[in-house]
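In what follows, a structure is listed as structure tokens, so that the remarks can point back to it.
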Amino acid sequence: MWKTTLVIIFFSVFCWACENPFLRQNRDVSVVEVSPTETPKRENPDKPLAEVHFYRGLKFKAAGEYERAIEEFKKSIEAGNDDKEMYRRLAELYLTLKKYEEAENYLRIILEKDSKDLMAHWALAKILVENLGKYDEGLKEALLSKELYGKDGSSHVRDLLIGKAYDGLGDYENAIKHYKLFLKGTSYAPDSDDYKETKKRISEIENKKAILNN
């Protein structure tokens with residue numbers, strides 16, 4: 001009986017010593033490689049958890065597993081990776097999955113961090129106008145985007161989006177104005193789909209106006 005008691009006492013002391021942080025503080029910490037199917041751990045102090053999740057997210061994205069990549073990028077943010085590019089990656093993935101409201105949310109987070117982020121303003125404007133039908137908000141973003149970009153040689157592309165926003169709001173006069181600015185800027189590519197569709201839309205609006213005026 002006393003032998004059994006000693007064994008129990010010894011085992012209890014051993015377990016306590018293993019778990020006591022003061023007694024094991026000098027023990028070597030092994031490096032554990034994390035595979036995409038394992039739960040990452042903090043065994044390697046030189047590889048923070050946020051970084052582990054980030055690289056796992058990149059692996060899943062490269063493999064086309066976008067939902068799992070999203071999960072890992074979110075975990076990276078939760079673990080302390082608050083860089084705006086993390087939110088941009090999430091927005092891009094949600095765009096790929098055609099989850100536009102989620103993409104909108106992450107683009108807005110980017111703009112909270114950097115109100116002059118050109119790419120975020122432009123991407124948000126396109127989502128609002130072309131995917132969510134939020135023409136009023138989209139118009140504001142598109143106009144701001146054009147202002148921030150300035151005359152960079154592609155302002156006509158922004159005019160096309162501005163025209164679509166006005167079109168969606170029923171302001172056909174301004175829609176035609178910006179559609180024509182787009183056509184003028186892209187006259188070198190009259191065979192492009194955007195060029196043809198824009199010319200067609202201008203004709204439709206003008207015909208509608210003519211009918212209403214008669």
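Scheme for the structure tokens: letters A, B, ... for chains in order shown; per-chain residue numbers from 1; ligand numbers from 1 in order shown.
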Checklist entry - Got a sec: who's within 9 Å of stretch 71-83 of chain A, counting only C-alpha atoms, leaving out chain neighbours fewer than 2 positions off, as a PyMOL selection string? => result chain A and resi 48-58+60+66-69+85-87+89-90
Checklist entry - A:Leu139: which residues within 12 Å, counting only C-alpha atoms, same-chain residues fewer than 2 positions away excluded, as a PyMOL selection string? => result chain A and resi 121-122+124-130+133-137+141-146+158-169+171+174-175+178
Could you please take those selected residues and save C-alpha atoms as an mmCIF file, in the first residue's frame?
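Output file selection.cif follows:
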```cif
data_model
loop_
_atom_site.group_PDB
_atom_site.id
_atom_site.type_symbol
_atom_site.label_atom_id
_atom_site.label_comp_id
_atom_site.auth_asym_id
_atom_site.auth_seq_id
_atom_site.Cartn_x
_atom_site.Cartn_y
_atom_site.Cartn_z
ATOM 1 C CA HIS A 121 -11.259 54.128 -52.969
ATOM 2 C CA TRP A 122 -11.332 52.860 -56.542
ATOM 3 C CA LEU A 124 -14.892 50.426 -53.254
ATOM 4 C CA ALA A 125 -16.385 52.696 -55.929
ATOM 5 C CA LYS A 126 -16.535 49.818 -58.427
ATOM 6 C CA ILE A 127 -18.175 47.450 -55.946
ATOM 7 C CA LEU A 128 -20.768 50.008 -54.883
ATOM 8 C CA VAL A 129 -21.716 50.950 -58.452
ATOM 9 C CA GLU A 130 -21.282 47.744 -60.433
ATOM 10 C CA GLY A 133 -26.182 49.154 -56.879
ATOM 11 C CA LYS A 134 -25.382 51.735 -54.189
ATOM 12 C CA TYR A 135 -25.126 54.484 -56.771
ATOM 13 C CA ASP A 136 -25.167 57.478 -54.440
ATOM 14 C CA GLU A 137 -22.303 56.203 -52.279
ATOM 15 C CA GLU A 141 -16.262 57.326 -54.092
ATOM 16 C CA ALA A 142 -15.800 57.457 -57.868
ATOM 17 C CA LEU A 143 -15.563 61.262 -57.894
ATOM 18 C CA LEU A 144 -13.132 61.194 -54.984
ATOM 19 C CA SER A 145 -11.106 58.507 -56.707
ATOM 20 C CA LYS A 146 -10.845 60.619 -59.852
ATOM 21 C CA ARG A 158 -13.059 56.639 -63.832
ATOM 22 C CA ASP A 159 -15.379 58.694 -66.042
ATOM 23 C CA LEU A 160 -16.981 55.458 -67.191
ATOM 24 C CA LEU A 161 -17.752 54.452 -63.609
ATOM 25 C CA ILE A 162 -18.985 57.951 -62.775
ATOM 26 C CA GLY A 163 -21.253 57.756 -65.811
ATOM 27 C CA LYS A 164 -22.650 54.432 -64.607
ATOM 28 C CA ALA A 165 -23.340 55.904 -61.171
ATOM 29 C CA TYR A 166 -25.213 58.881 -62.646
ATOM 30 C CA ASP A 167 -27.035 56.486 -64.955
ATOM 31 C CA GLY A 168 -28.140 54.379 -61.997
ATOM 32 C CA LEU A 169 -29.382 57.503 -60.220
ATOM 33 C CA ASP A 171 -29.257 61.621 -63.934
ATOM 34 C CA ASN A 174 -24.430 63.796 -66.380
ATOM 35 C CA ALA A 175 -24.285 60.132 -67.319
ATOM 36 C CA HIS A 178 -19.073 61.230 -68.466
#
```
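Atom CA of A:Asp194 is positioned 20.9 Å from atom CA of A:Tyr149.
Each of A:Ser154, A:Asn131, A:Asn207, A:Ser115 was compared to A:Leu95 using only C-alpha atoms, and A:Asn131 turns out to be the nearest.
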